[in-house]
Every structure is written in C-alpha cells, then in structure tokens.
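Pasted below: entry.cif, mmCIF, C-alpha atoms.
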data_data
loop_
_atom_site.group_PDB
_atom_site.id
_atom_site.type_symbol
_atom_site.label_atom_id
_atom_site.label_comp_id
_atom_site.auth_asym_id
_atom_site.auth_seq_id
_atom_site.Cartn_x
_atom_site.Cartn_y
_atom_site.Cartn_z
ATOM 1 C CA MET V 1 6.274 -64.163 -10.992
ATOM 2 C CA LEU V 2 2.785 -64.527 -12.432
ATOM 3 C CA SER V 3 -0.090 -62.449 -11.154
ATOM 4 C CA GLN V 4 -3.466 -63.994 -10.283
ATOM 5 C CA SER V 5 -4.976 -62.507 -13.465
ATOM 6 C CA GLU V 6 -2.245 -64.176 -15.537
ATOM 7 C CA ILE V 7 -2.936 -67.466 -13.742
ATOM 8 C CA MET V 8 -6.621 -67.154 -14.666
ATOM 9 C CA GLU V 9 -5.768 -66.503 -18.327
ATOM 10 C CA ARG V 10 -3.527 -69.546 -18.457
ATOM 11 C CA ASN V 11 -6.171 -71.708 -16.812
ATOM 12 C CA ARG V 12 -8.692 -70.595 -19.443
ATOM 13 C CA LEU V 13 -6.185 -71.659 -22.109
ATOM 14 C CA MET V 14 -5.939 -75.065 -20.412
ATOM 15 C CA LEU V 15 -9.723 -75.409 -20.555
ATOM 16 C CA ARG V 16 -9.713 -74.649 -24.283
ATOM 17 C CA ALA V 17 -6.964 -77.229 -24.779
ATOM 18 C CA LEU V 18 -9.084 -79.946 -23.193
ATOM 19 C CA HIS V 19 -12.040 -79.174 -25.477
ATOM 20 C CA GLY V 20 -10.203 -81.238 -28.119
ATOM 21 C CA GLY V 21 -10.379 -84.401 -26.027
ATOM 22 C CA THR V 22 -9.574 -85.559 -22.527
ATOM 23 C CA GLU V 23 -8.769 -89.250 -22.880
ATOM 24 C CA LEU V 24 -5.687 -91.239 -23.777
ATOM 25 C CA MET V 25 -4.694 -94.889 -23.522
ATOM 26 C CA LEU V 26 -1.857 -96.302 -21.430
ATOM 27 C CA GLY V 27 -1.756 -99.898 -22.592
ATOM 28 C CA THR V 28 -5.218 -101.241 -21.737
ATOM 29 C CA MET V 29 -5.934 -98.468 -19.227
ATOM 30 C CA GLN V 30 -7.890 -95.383 -20.179
ATOM 31 C CA LEU V 31 -6.716 -92.165 -18.533
ATOM 32 C CA ARG V 32 -9.240 -89.343 -18.439
ATOM 33 C CA ILE V 33 -8.221 -85.772 -17.626
ATOM 34 C CA GLY V 34 -10.850 -83.833 -15.710
ATOM 35 C CA LEU V 35 -8.945 -80.576 -15.337
ATOM 36 C CA VAL V 36 -5.485 -79.071 -15.778
ATOM 37 C CA HIS V 37 -4.836 -75.906 -13.812
ATOM 38 C CA TYR V 38 -2.265 -73.651 -12.186
ATOM 39 C CA THR V 39 -2.471 -72.711 -8.503
ATOM 40 C CA LEU V 40 -0.386 -69.915 -6.991
ATOM 41 C CA ASP V 41 0.001 -69.870 -3.191
ATOM 42 C CA HIS V 42 2.112 -67.830 -0.767
ATOM 43 C CA ALA V 43 3.817 -68.792 2.481
ATOM 44 C CA GLY V 44 1.297 -69.664 5.178
ATOM 45 C CA PHE V 45 -1.533 -70.646 2.851
ATOM 46 C CA ASP V 46 -3.283 -73.818 4.087
ATOM 47 C CA THR V 47 -6.100 -75.677 2.328
ATOM 48 C CA PHE V 48 -6.955 -77.557 5.543
ATOM 49 C CA ALA V 49 -8.331 -81.094 5.274
ATOM 50 C CA HIS V 50 -10.242 -81.953 2.136
ATOM 51 C CA ARG V 51 -10.956 -84.897 -0.171
ATOM 52 C CA HIS V 52 -11.437 -85.414 -3.905
ATOM 53 C CA ARG V 53 -13.384 -87.950 -5.944
ATOM 54 C CA HIS V 54 -10.538 -88.113 -8.442
ATOM 55 C CA TYR V 55 -6.799 -88.723 -8.420
ATOM 56 C CA GLU V 56 -4.833 -85.522 -7.822
ATOM 57 C CA CYS V 57 -1.510 -85.424 -9.660
ATOM 58 C CA SER V 58 0.637 -82.297 -9.366
ATOM 59 C CA VAL V 59 4.129 -80.949 -9.990
ATOM 60 C CA LEU V 60 5.554 -77.886 -8.221
ATOM 61 C CA LEU V 61 7.093 -75.362 -10.613
ATOM 62 C CA SER V 62 8.446 -72.941 -8.009
ATOM 63 C CA GLY V 63 8.455 -72.398 -4.261
ATOM 64 C CA ARG V 64 8.013 -75.065 -1.590
ATOM 65 C CA MET V 65 4.926 -76.988 -0.553
ATOM 66 C CA ARG V 66 3.962 -79.587 2.039
ATOM 67 C CA TYR V 67 1.247 -82.247 1.810
ATOM 68 C CA ARG V 68 -0.085 -84.136 4.841
ATOM 69 C CA LEU V 69 -2.539 -86.991 5.325
ATOM 70 C CA GLU V 70 -5.064 -86.143 8.041
ATOM 71 C CA GLU V 71 -5.775 -89.716 9.080
ATOM 72 C CA GLU V 72 -2.119 -90.750 9.189
ATOM 73 C CA PRO V 73 -0.302 -88.274 11.472
ATOM 74 C CA GLY V 74 3.330 -87.882 10.590
ATOM 75 C CA THR V 75 2.770 -88.784 6.941
ATOM 76 C CA GLU V 76 3.886 -85.827 4.880
ATOM 77 C CA VAL V 77 5.583 -84.995 1.588
ATOM 78 C CA VAL V 78 7.494 -81.778 0.865
ATOM 79 C CA LEU V 79 7.874 -80.706 -2.761
ATOM 80 C CA GLU V 80 10.662 -78.412 -3.926
ATOM 81 C CA GLY V 81 9.918 -76.192 -6.906
ATOM 82 C CA GLY V 82 11.705 -77.139 -10.111
ATOM 83 C CA SER V 83 12.996 -80.451 -8.706
ATOM 84 C CA GLY V 84 10.819 -82.588 -10.960
ATOM 85 C CA GLN V 85 9.023 -84.112 -7.960
ATOM 86 C CA TRP V 86 5.364 -84.958 -8.490
ATOM 87 C CA ILE V 87 2.729 -85.974 -5.990
ATOM 88 C CA MET V 88 -0.217 -88.299 -6.598
ATOM 89 C CA ILE V 89 -3.080 -88.526 -4.109
ATOM 90 C CA ALA V 90 -5.788 -91.176 -4.356
ATOM 91 C CA PRO V 91 -9.536 -90.381 -4.268
ATOM 92 C CA GLU V 92 -11.277 -89.917 -0.913
ATOM 93 C CA LEU V 93 -7.959 -89.551 0.916
ATOM 94 C CA ALA V 94 -8.203 -86.685 3.427
ATOM 95 C CA HIS V 95 -5.211 -84.397 2.956
ATOM 96 C CA ARG V 96 -4.091 -80.790 3.276
ATOM 97 C CA ARG V 97 -1.684 -78.614 1.330
ATOM 98 C CA GLN V 98 0.443 -75.898 2.898
ATOM 99 C CA ALA V 99 2.638 -73.392 1.071
ATOM 100 C CA LEU V 100 6.047 -73.065 2.751
ATOM 101 C CA ALA V 101 7.339 -70.267 0.514
ATOM 102 C CA ASP V 102 5.981 -67.329 -1.434
ATOM 103 C CA ASN V 103 5.176 -67.769 -5.129
ATOM 104 C CA SER V 104 4.610 -71.511 -4.838
ATOM 105 C CA LEU V 105 3.274 -72.316 -8.308
ATOM 106 C CA LEU V 106 1.646 -75.691 -8.857
ATOM 107 C CA LEU V 107 0.581 -77.373 -12.096
ATOM 108 C CA GLY V 108 -2.156 -79.843 -11.215
ATOM 109 C CA PHE V 109 -4.112 -82.547 -13.030
ATOM 110 C CA THR V 110 -7.353 -84.200 -11.924
ATOM 111 C CA LEU V 111 -7.367 -87.737 -13.316
ATOM 112 C CA ASN V 112 -9.527 -90.845 -13.436
ATOM 113 C CA PHE V 113 -8.511 -94.303 -14.614
ATOM 114 C CA LYS V 114 -10.581 -96.983 -16.331
ATOM 115 C CA ASN V 115 -9.427 -100.617 -16.518
ATOM 116 C CA PRO V 116 -6.179 -100.022 -14.605
ATOM 117 C CA PRO V 117 -3.735 -102.963 -14.409
ATOM 118 C CA PRO V 118 -3.875 -104.641 -10.974
ATOM 119 C CA SER V 119 -0.212 -103.794 -10.321
ATOM 120 C CA PHE V 120 -0.869 -100.099 -10.978
ATOM 121 C CA LEU V 121 -3.963 -100.114 -8.782
ATOM 122 C CA ARG V 122 -2.003 -101.673 -5.928
ATOM 123 C CA ALA V 123 0.660 -98.978 -6.341
ATOM 124 C CA VAL V 124 -1.697 -95.976 -6.096
ATOM 125 C CA LYS V 125 -5.011 -96.944 -4.495
ATOM 126 C CA GLY V 126 -5.533 -95.333 -1.093
ATOM 127 C CA LYS V 127 -2.088 -93.750 -1.125
ATOM 128 C CA MET V 128 -0.260 -90.453 -1.304
ATOM 129 C CA ARG V 129 2.951 -90.887 -3.268
ATOM 130 C CA MET V 130 5.827 -88.648 -4.252
ATOM 131 C CA LEU V 131 7.039 -89.608 -7.724
ATOM 132 C CA ASP V 132 10.157 -88.741 -9.668
ATOM 133 C CA GLY V 133 9.385 -86.761 -12.805
ATOM 134 C CA ALA V 134 12.856 -85.333 -13.329
ATOM 135 C CA ALA V 135 12.976 -86.705 -16.879
ATOM 136 C CA GLU V 136 9.943 -84.558 -17.745
ATOM 137 C CA ARG V 137 11.265 -81.275 -16.295
ATOM 138 C CA GLU V 138 11.951 -79.780 -19.703
ATOM 139 C CA GLN V 139 8.458 -80.667 -20.954
ATOM 140 C CA VAL V 140 6.900 -79.143 -17.838
ATOM 141 C CA ALA V 141 8.957 -75.963 -18.290
ATOM 142 C CA GLU V 142 7.868 -75.624 -21.931
ATOM 143 C CA ILE V 143 4.208 -76.006 -20.985
ATOM 144 C CA ALA V 144 4.637 -73.434 -18.215
ATOM 145 C CA GLN V 145 5.928 -70.945 -20.791
ATOM 146 C CA GLU V 146 2.736 -71.273 -22.856
ATOM 147 C CA THR V 147 0.804 -68.014 -22.703
ATOM 148 C CA PRO V 148 -2.498 -67.017 -24.351
ATOM 149 C CA GLY V 149 -2.188 -65.340 -27.736
ATOM 150 C CA GLY V 150 0.297 -67.796 -29.201
ATOM 151 C CA PRO V 151 0.379 -69.386 -32.690
ATOM 152 C CA ARG V 152 -2.615 -70.702 -34.611
ATOM 153 C CA PHE V 153 -4.218 -73.799 -33.108
ATOM 154 C CA GLN V 154 -2.464 -73.009 -29.836
ATOM 155 C CA ALA V 155 -4.990 -74.872 -27.681
ATOM 156 C CA GLU V 156 -4.723 -78.021 -29.797
ATOM 157 C CA ARG V 157 -0.914 -77.884 -29.716
ATOM 158 C CA LEU V 158 -1.049 -77.482 -25.938
ATOM 159 C CA ARG V 159 -3.386 -80.458 -25.593
ATOM 160 C CA LEU V 160 -0.904 -82.645 -27.479
ATOM 161 C CA ARG V 161 1.913 -81.415 -25.230
ATOM 162 C CA LEU V 162 -0.097 -82.246 -22.117
ATOM 163 C CA PHE V 163 -0.857 -85.729 -23.433
ATOM 164 C CA GLU V 164 2.795 -86.322 -24.274
ATOM 165 C CA LEU V 165 3.823 -85.143 -20.815
ATOM 166 C CA LEU V 166 1.413 -87.519 -19.078
ATOM 167 C CA LEU V 167 2.375 -90.455 -21.302
ATOM 168 C CA ASP V 168 6.074 -89.940 -20.585
ATOM 169 C CA PHE V 169 5.534 -89.340 -16.875
ATOM 170 C CA PHE V 170 3.430 -92.469 -16.333
ATOM 171 C CA ALA V 171 5.778 -94.573 -18.465
ATOM 172 C CA ASP V 172 8.757 -93.424 -16.374
ATOM 173 C CA ALA V 173 7.014 -93.570 -12.990
ATOM 174 C CA PHE V 174 5.278 -96.917 -13.377
ATOM 175 C CA GLY V 175 7.390 -98.619 -16.036
ATOM 176 C CA SER V 176 6.310 -102.056 -17.173
ATOM 177 C CA MET V 177 2.892 -101.898 -15.472
ATOM 178 C CA PHE V 178 1.591 -100.535 -18.788
ATOM 179 C CA GLY V 179 2.376 -102.985 -21.565
ATOM 180 C CA GLU V 180 1.661 -102.236 -25.206
ATOM 181 C CA VAL V 181 -1.708 -103.562 -26.328
ATOM 182 C CA PRO V 182 -1.411 -106.261 -28.995
ATOM 183 C CA PRO V 183 -3.543 -105.446 -32.063
ATOM 184 C CA SER V 184 -5.803 -108.446 -31.408
ATOM 185 C CA VAL V 185 -7.081 -106.786 -28.214
ATOM 186 C CA ARG V 186 -8.515 -103.793 -30.066
ATOM 187 C CA GLY V 187 -11.601 -105.213 -31.750
ATOM 188 C CA GLY V 188 -12.644 -101.829 -33.133
ATOM 189 C CA ASP V 189 -9.282 -101.290 -34.801
ATOM 190 C CA ILE V 190 -9.376 -104.762 -36.314
ATOM 191 C CA LEU V 191 -12.780 -104.128 -37.839
ATOM 192 C CA GLU V 192 -11.566 -100.831 -39.278
ATOM 193 C CA LEU V 193 -8.937 -102.874 -41.147
ATOM 194 C CA ALA V 194 -11.510 -105.457 -42.223
ATOM 195 C CA ASP V 195 -14.067 -102.857 -43.333
ATOM 196 C CA HIS V 196 -11.427 -100.983 -45.327
ATOM 197 C CA TYR V 197 -10.237 -104.193 -47.001
ATOM 198 C CA ILE V 198 -13.794 -105.062 -48.048
ATOM 199 C CA GLU V 199 -14.468 -101.572 -49.386
ATOM 200 C CA GLU V 200 -11.260 -101.605 -51.440
ATOM 201 C CA ASN V 201 -11.928 -105.057 -52.914
ATOM 202 C CA LEU V 202 -15.644 -105.101 -53.688
ATOM 203 C CA THR V 203 -15.025 -105.559 -57.429
ATOM 204 C CA ARG V 204 -13.323 -108.923 -56.954
ATOM 205 C CA ALA V 205 -14.084 -112.154 -55.129
ATOM 206 C CA ILE V 206 -13.529 -111.717 -51.393
ATOM 207 C CA THR V 207 -13.044 -114.724 -49.127
ATOM 208 C CA VAL V 208 -13.246 -114.879 -45.363
ATOM 209 C CA ASP V 209 -9.670 -116.156 -45.328
ATOM 210 C CA ASP V 210 -8.544 -113.039 -47.228
ATOM 211 C CA ILE V 211 -10.187 -110.751 -44.686
ATOM 212 C CA SER V 212 -9.012 -112.659 -41.600
ATOM 213 C CA ARG V 213 -5.433 -112.710 -42.900
ATOM 214 C CA HIS V 214 -5.545 -108.976 -43.589
ATOM 215 C CA ALA V 215 -6.943 -108.242 -40.110
ATOM 216 C CA GLY V 216 -4.620 -110.715 -38.389
ATOM 217 C CA ILE V 217 -7.305 -112.699 -36.558
ATOM 218 C CA SER V 218 -9.019 -116.070 -36.858
ATOM 219 C CA ARG V 219 -12.132 -116.630 -38.946
ATOM 220 C CA ARG V 220 -14.156 -117.373 -35.813
ATOM 221 C CA HIS V 221 -13.050 -114.137 -34.124
ATOM 222 C CA LEU V 222 -13.783 -112.182 -37.301
ATOM 223 C CA TYR V 223 -17.327 -113.594 -37.532
ATOM 224 C CA ARG V 224 -18.012 -112.706 -33.885
ATOM 225 C CA LEU V 225 -16.681 -109.147 -34.146
ATOM 226 C CA PHE V 226 -18.680 -108.502 -37.301
ATOM 227 C CA GLU V 227 -21.894 -109.664 -35.697
ATOM 228 C CA GLU V 228 -21.220 -107.402 -32.695
ATOM 229 C CA LYS V 229 -20.412 -104.292 -34.730
ATOM 230 C CA HIS V 230 -22.662 -104.542 -37.784
ATOM 231 C CA GLY V 231 -25.493 -106.693 -36.461
ATOM 232 C CA MET V 232 -25.357 -109.049 -39.446
ATOM 233 C CA PRO V 233 -23.236 -111.932 -40.730
ATOM 234 C CA LEU V 234 -20.065 -111.107 -42.643
ATOM 235 C CA LYS V 235 -21.421 -112.482 -45.928
ATOM 236 C CA GLU V 236 -24.549 -110.341 -45.687
ATOM 237 C CA TYR V 237 -22.465 -107.264 -44.892
ATOM 238 C CA ILE V 238 -20.390 -107.751 -48.052
ATOM 239 C CA ILE V 239 -23.508 -108.222 -50.188
ATOM 240 C CA ARG V 240 -25.078 -105.053 -48.799
ATOM 241 C CA GLN V 241 -21.901 -103.052 -49.353
ATOM 242 C CA ARG V 242 -21.866 -104.191 -52.983
ATOM 243 C CA LEU V 243 -25.538 -103.376 -53.399
ATOM 244 C CA SER V 244 -25.033 -99.899 -51.914
ATOM 245 C CA ARG V 245 -22.283 -99.230 -54.423
ATOM 246 C CA ALA V 246 -24.510 -100.471 -57.238
ATOM 247 C CA ALA V 247 -27.465 -98.358 -56.053
ATOM 248 C CA ALA V 248 -25.297 -95.214 -56.072
ATOM 249 C CA ALA V 249 -24.081 -95.996 -59.600
ATOM 250 C CA LEU V 250 -27.641 -96.590 -60.840
ATOM 251 C CA ILE V 251 -28.633 -93.082 -59.768
ATOM 252 C CA GLY V 252 -25.401 -91.301 -60.535
ATOM 253 C CA THR V 253 -24.384 -92.811 -63.889
ATOM 254 C CA ASP V 254 -25.884 -93.989 -67.178
ATOM 255 C CA LEU V 255 -23.894 -97.240 -67.218
ATOM 256 C CA PRO V 256 -25.794 -100.398 -68.199
ATOM 257 C CA VAL V 257 -27.138 -102.454 -65.293
ATOM 258 C CA LYS V 258 -24.926 -105.418 -66.212
ATOM 259 C CA GLU V 259 -21.796 -103.270 -66.109
ATOM 260 C CA ILE V 260 -22.820 -101.775 -62.768
ATOM 261 C CA ALA V 261 -23.412 -105.274 -61.377
ATOM 262 C CA GLU V 262 -19.907 -106.349 -62.397
ATOM 263 C CA MET V 263 -18.411 -103.140 -61.021
ATOM 264 C CA ALA V 264 -20.034 -103.961 -57.675
ATOM 265 C CA GLY V 265 -18.639 -107.497 -57.673
ATOM 266 C CA PHE V 266 -21.692 -109.381 -59.021
ATOM 267 C CA HIS V 267 -20.688 -111.440 -62.035
ATOM 268 C CA ASN V 268 -24.092 -113.063 -62.458
ATOM 269 C CA LEU V 269 -26.791 -110.600 -63.519
ATOM 270 C CA SER V 270 -29.756 -112.676 -62.368
ATOM 271 C CA TYR V 271 -28.189 -113.183 -58.921
ATOM 272 C CA PHE V 272 -27.532 -109.441 -58.691
ATOM 273 C CA THR V 273 -31.156 -108.655 -59.602
ATOM 274 C CA ARG V 274 -32.502 -111.082 -56.968
ATOM 275 C CA GLN V 275 -30.303 -109.679 -54.237
ATOM 276 C CA PHE V 276 -31.095 -106.086 -55.216
ATOM 277 C CA HIS V 277 -34.838 -106.784 -55.108
ATOM 278 C CA ARG V 278 -34.484 -108.496 -51.727
ATOM 279 C CA VAL V 279 -32.786 -105.478 -50.128
ATOM 280 C CA PHE V 280 -34.394 -102.550 -52.006
ATOM 281 C CA THR V 281 -37.784 -104.245 -52.674
ATOM 282 C CA MET V 282 -37.650 -103.396 -56.394
ATOM 283 C CA PRO V 283 -35.564 -104.330 -59.447
ATOM 284 C CA PRO V 284 -32.541 -102.198 -60.400
ATOM 285 C CA ALA V 285 -34.200 -100.572 -63.421
ATOM 286 C CA LYS V 286 -37.150 -99.342 -61.381
ATOM 287 C CA TYR V 287 -34.831 -98.080 -58.634
ATOM 288 C CA ARG V 288 -32.949 -96.051 -61.248
ATOM 289 C CA ARG V 289 -36.122 -94.652 -62.716
ATOM 290 C CA LEU V 290 -37.592 -93.608 -59.356
ATOM 291 C CA GLY V 291 -34.315 -92.160 -58.178
ATOM 292 C CA ARG V 292 -34.031 -89.632 -60.992
#
Have the structure of the file written as structure tokens, please.
Amino acid sequence: MLSQSEIMERNRLMLRALHGGTELMLGTMQLRIGLVHYTLDHAGFDTFAHRHRHYECSVLLSGRMRYRLEEEPGTEVVLEGGSGQWIMIAPELAHRRQALADNSLLLGFTLNFKNPPPSFLRAVKGKMRMLDGAAEREQVAEIAQETPGGPRFQAERLRLRLFELLLDFFADAFGSMFGEVPPSVRGGDILELADHYIEENLTRAITVDDISRHAGISRRHLYRLFEEKHGMPLKEYIIRQRLSRAAAALIGTDLPVKEIAEMAGFHNLSYFTRQFHRVFTMPPAKYRRLGR
C-alpha cells in the first residue's frame, strides 16, 4: 500500500496535470475541476461534520468507507474499495466521512458546474448520491497506477485520462441529461468557420450566402454574430481583411500596386485606392514608401 509520502508525490502530479486546463463541456454544461487528489485513511479515522462550496465526487480504490449526512440522521452510504461505486455530495451539505478499514484509498474530485441542464440539477442539488461507475473501473485503475517520473508529457497525458474518465462517468451515470450540442449553438465555433472561409477566399468574390452556407446558419444570424465578435458589419470586416493583406504585400514585396489589389480581391484599382486611404489615411504608394 502507498505511503503518505507517495500519496503527496502523486497529488503533486495531479496538480501539474491540471495546469493544462481544468474545464470540459458536457453538452451545454461546463464542468470545472478544482482539484483531483488521493486521500489515504485508516480504520477509525473520522472527518466529523464539514461542508464544501463545491461538489465532491469520489471513488474508493481500496478499503471501506462510510459517509453520513449530519442533518438527516440515518442517511448513510458505505463504499467498498474496487467496487466501482462513486459518491457525489452537493455543496453546503453537512457530511462526515469515516474509514471502516485500514488503507482506505480515495480518489476525489472537487467540481463545479456552469449551465447545468435542469434535469441534472434536480438529480444532484442538495443531495448525497451513490453512483455506479463500474464501467469506468479499468480507467480508474490505470490512473491509480500513474506514478511520477513516467514518460514525456506525463502530466498532459494524465490530464487527458482524467477528462476521459469524467466524460465517461457522467455519460454513464446521468445518460441522456447531457445531449450533444448542435453546431448552431456554438457561436464562437461558427465564426471560426466563417473567418477561415473568408481568409481562404479573399482573392475572389465572396457573398454573404457563400459564408452562411459554409457556416450552416442564416444570413441574419451570421450578421448578428459578426457584429458581436468583430464589432463591425460583415462587409466592412471583409474589406479590412483584404486591405490588411494588401498592406502586408506592399511592404513585403515589390509587386505593382494593381497586382497587389487584385491579389487582395479588389478588381477595381480606384476603388482599392479609396478604401485603402479611408482605412490607412494615405494612398498605397505612400504607405509602401513609409513602411520601408
């Protein structure tokens, strides 16, 4: 069995793993991990009554442990090590933990949820629940075997394992409460598609219909998202992207201004010059001269 010094080393590895990020999405709900840690208790250990501001979610790796709610006498849960049983305790719920056997090793997560589905909130809010995580026993065992001094990028690999474990556990424990998010819900992702499409097609005529079809949303929705993200109308954004490309070419190449204008998607030289002067407050030739 692990010594307390080994427990401390493994907990430090967990901290390094979480440096790479502590958030993941379950459908529309954001799950944030505050801490992942091992706790080793021996028979007779008692935490006495205490509360947390977060959700406590734990699985017992070995030994035997009892949880009780202080304000609901008779309400208790007993976990058996290696059974795959998990316990989840809601914030501000007074509870105590008692070790019923030596070498009771617990892997615990402190969690917070943002935008939880109402059905999930009803299932966990103000409650202590024992949950079946038998399907994740092998994943838990593999994580428990992780010791400091492993392969390169060990902390990052461990973080991915922890995320996969939580995703699988919540999917199995709460099932259809977490639906997949349709692409149209993720405005940021949609705009990544739209921005990339514009960048890749600046040399040709770009229509709003082209962009909305590529992003999979309506013209009206596209206009609104663009205003929110970029602070300017879609048409103005495209013009400025083309002008930025032209400005870089003016400084970095010796190509004629007309050729640069066409390369940036302006097929009328006088229109290009007017727009360039409007944004950069000088004509293209002067911009090139001052930039060298």
Got a sec: who's within 8 Å of stretch 18-22 of chain V, counting all atoms listed in the file, leaving out chain neighbours fewer than 6 positions off, as a PyMOL selection string? chain V and resi 32-35+155-156+159
Just say which residues the PyMOL selection byres ((chain V and resi 234) around 12) picks in this file, as a VMD selection string. chain V and resid 191 194 to 195 198 206 to 209 211 to 212 219 to 233 235 to 241
Reference answer for the PyMOL selection byres ((chain V and resi 61) around 7), as a list in words: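 This file gives the following for the PyMOL selection byres ((chain V and resi 61) around 7): Val59, Leu60, Ser62, Gly81, Gly82, Leu105, Leu106 and Leu107 of chain V.
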Expected file contents, prior selection, C-alpha atoms, as a JSON list (two decimals), keeping the file's coordinate frame:
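File out_25.json, as written:
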[["chain", "number", "residue", "atom", "x", "y", "z"],
["V", 59, "VAL", "CA", 4.13, -80.95, -9.99],
["V", 60, "LEU", "CA", 5.55, -77.89, -8.22],
["V", 62, "SER", "CA", 8.45, -72.94, -8.01],
["V", 81, "GLY", "CA", 9.92, -76.19, -6.91],
["V", 82, "GLY", "CA", 11.70, -77.14, -10.11],
["V", 105, "LEU", "CA", 3.27, -72.32, -8.31],
["V", 106, "LEU", "CA", 1.65, -75.69, -8.86],
["V", 107, "LEU", "CA", 0.58, -77.37, -12.10]]
For V:Lys127, please output as a PyMOL selection string all residues within 12 Å (counting only C-alpha atoms; exclusion window: fewer than 5 positions along the same chain). chain V and resi 55-57+68-69+71-72+75-77+87-95+120-122
Based on the selection just made, write C-alpha atoms of those residues as a compact mmCIF listing (two decimals), in the coordinates of the input.
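The new file again-v3.txt reads:
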# COMPACT_ATOMS: atom_id res chain seq x y z
CA TYR V 55 -6.80 -88.72 -8.42
CA GLU V 56 -4.83 -85.52 -7.82
CA CYS V 57 -1.51 -85.42 -9.66
CA ARG V 68 -0.08 -84.14 4.84
CA LEU V 69 -2.54 -86.99 5.32
CA GLU V 71 -5.78 -89.72 9.08
CA GLU V 72 -2.12 -90.75 9.19
CA THR V 75 2.77 -88.78 6.94
CA GLU V 76 3.89 -85.83 4.88
CA VAL V 77 5.58 -85.00 1.59
CA ILE V 87 2.73 -85.97 -5.99
CA MET V 88 -0.22 -88.30 -6.60
CA ILE V 89 -3.08 -88.53 -4.11
CA ALA V 90 -5.79 -91.18 -4.36
CA PRO V 91 -9.54 -90.38 -4.27
CA GLU V 92 -11.28 -89.92 -0.91
CA LEU V 93 -7.96 -89.55 0.92
CA ALA V 94 -8.20 -86.68 3.43
CA HIS V 95 -5.21 -84.40 2.96
CA PHE V 120 -0.87 -100.10 -10.98
CA LEU V 121 -3.96 -100.11 -8.78
CA ARG V 122 -2.00 -101.67 -5.93
Given the PyMOL selection byres ((chain V and resi 287-290) around 10) and the file above, list the residues it selects as a PyMOL selection string. chain V and resi 247-254+257+276-277+280-286+291-292
Just give me the gap between atom CA of V:Gly84 and atom CA of V:Phe153 in Å, one decimal is fine. 28.2 Å
Using Å and a single decimal, report how far atom CA of V:Gly63 sits from atom CA of V:Leu40. 9.6 Å
Pairwise distance for atom CA of V:Leu243 and atom CA of V:Gly265, rounded to one decimal in Å: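 Taking atom CA of V:Leu243 as the start and atom CA of V:Gly265 as the end point, the length is 9.1 Å.
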Using all atoms listed in the file and a cutoff of 8 Å, can you tell me which residues are near (-3.0, -77.2, -23.0) in the file's coordinates, and write them out as a PDB file with C-alpha atoms, in the frame of the given file?
ATOM      1  CA  LEU V  13      -6.185 -71.659 -22.109  1.00  0.00           C
ATOM      2  CA  MET V  14      -5.939 -75.065 -20.412  1.00  0.00           C
ATOM      3  CA  LEU V  15      -9.723 -75.409 -20.555  1.00  0.00           C
ATOM      4  CA  ARG V  16      -9.713 -74.649 -24.283  1.00  0.00           C
ATOM      5  CA  ALA V  17      -6.964 -77.229 -24.779  1.00  0.00           C
ATOM      6  CA  LEU V  18      -9.084 -79.946 -23.193  1.00  0.00           C
ATOM      7  CA  VAL V  36      -5.485 -79.071 -15.778  1.00  0.00           C
ATOM      8  CA  ILE V 143       4.208 -76.006 -20.985  1.00  0.00           C
ATOM      9  CA  ALA V 155      -4.990 -74.872 -27.681  1.00  0.00           C
ATOM     10  CA  GLU V 156      -4.723 -78.021 -29.797  1.00  0.00           C
ATOM     11  CA  ARG V 157      -0.914 -77.884 -29.716  1.00  0.00           C
ATOM     12  CA  LEU V 158      -1.049 -77.482 -25.938  1.00  0.00           C
ATOM     13  CA  ARG V 159      -3.386 -80.458 -25.593  1.00  0.00           C
ATOM     14  CA  LEU V 160      -0.904 -82.645 -27.479  1.00  0.00           C
ATOM     15  CA  ARG V 161       1.913 -81.415 -25.230  1.00  0.00           C
ATOM     16  CA  LEU V 162      -0.097 -82.246 -22.117  1.00  0.00           C
TER      17      LEU V 162
END
Would you give the centre and edge lengths, in Å to one decimal, of a box along x, y and z around the listed atoms of stretch 9-12 of chain V, with 3 Å added to each side, as JSON?
{"center_x": -6.1, "center_y": -69.1, "center_z": -18.1, "size_x": 11.2, "size_y": 11.2, "size_z": 8.6}
Once N, CA and C atoms are restored for stretch 46-57 of chain V, what would the output be as a PDB file, keeping the file's coordinate frame?
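out.pdb, written as the output of this step:
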ATOM      1  N   ASP V  46      -2.964 -72.454   3.647  1.00  0.00           N
ATOM      2  CA  ASP V  46      -3.283 -73.818   4.087  1.00  0.00           C
ATOM      3  C   ASP V  46      -4.673 -74.176   3.575  1.00  0.00           C
ATOM      4  N   THR V  47      -4.780 -75.263   2.847  1.00  0.00           N
ATOM      5  CA  THR V  47      -6.100 -75.677   2.328  1.00  0.00           C
ATOM      6  C   THR V  47      -6.945 -76.323   3.405  1.00  0.00           C
ATOM      7  N   PHE V  48      -6.309 -76.765   4.511  1.00  0.00           N
ATOM      8  CA  PHE V  48      -6.955 -77.557   5.543  1.00  0.00           C
ATOM      9  C   PHE V  48      -7.453 -78.876   4.925  1.00  0.00           C
ATOM     10  N   ALA V  49      -8.010 -79.733   5.728  1.00  0.00           N
ATOM     11  CA  ALA V  49      -8.331 -81.094   5.274  1.00  0.00           C
ATOM     12  C   ALA V  49      -9.435 -81.082   4.231  1.00  0.00           C
ATOM     13  N   HIS V  50      -9.218 -81.821   3.178  1.00  0.00           N
ATOM     14  CA  HIS V  50     -10.242 -81.953   2.136  1.00  0.00           C
ATOM     15  C   HIS V  50     -10.018 -83.259   1.385  1.00  0.00           C
ATOM     16  N   ARG V  51     -11.007 -83.655   0.607  1.00  0.00           N
ATOM     17  CA  ARG V  51     -10.956 -84.897  -0.171  1.00  0.00           C
ATOM     18  C   ARG V  51     -11.386 -84.607  -1.602  1.00  0.00           C
ATOM     19  N   HIS V  52     -11.006 -85.505  -2.509  1.00  0.00           N
ATOM     20  CA  HIS V  52     -11.437 -85.414  -3.905  1.00  0.00           C
ATOM     21  C   HIS V  52     -12.032 -86.755  -4.338  1.00  0.00           C
ATOM     22  N   ARG V  53     -12.850 -86.710  -5.368  1.00  0.00           N
ATOM     23  CA  ARG V  53     -13.384 -87.950  -5.944  1.00  0.00           C
ATOM     24  C   ARG V  53     -12.507 -88.468  -7.072  1.00  0.00           C
ATOM     25  N   HIS V  54     -11.441 -87.754  -7.360  1.00  0.00           N
ATOM     26  CA  HIS V  54     -10.538 -88.113  -8.442  1.00  0.00           C
ATOM     27  C   HIS V  54      -9.120 -88.263  -7.899  1.00  0.00           C
ATOM     28  N   TYR V  55      -8.217 -88.730  -8.751  1.00  0.00           N
ATOM     29  CA  TYR V  55      -6.799 -88.723  -8.420  1.00  0.00           C
ATOM     30  C   TYR V  55      -6.259 -87.312  -8.654  1.00  0.00           C
ATOM     31  N   GLU V  56      -5.496 -86.822  -7.700  1.00  0.00           N
ATOM     32  CA  GLU V  56      -4.833 -85.522  -7.822  1.00  0.00           C
ATOM     33  C   GLU V  56      -3.368 -85.783  -8.144  1.00  0.00           C
ATOM     34  N   CYS V  57      -2.894 -85.213  -9.226  1.00  0.00           N
ATOM     35  CA  CYS V  57      -1.510 -85.424  -9.660  1.00  0.00           C
ATOM     36  C   CYS V  57      -0.912 -84.054  -9.982  1.00  0.00           C
TER      37      CYS V  57
END
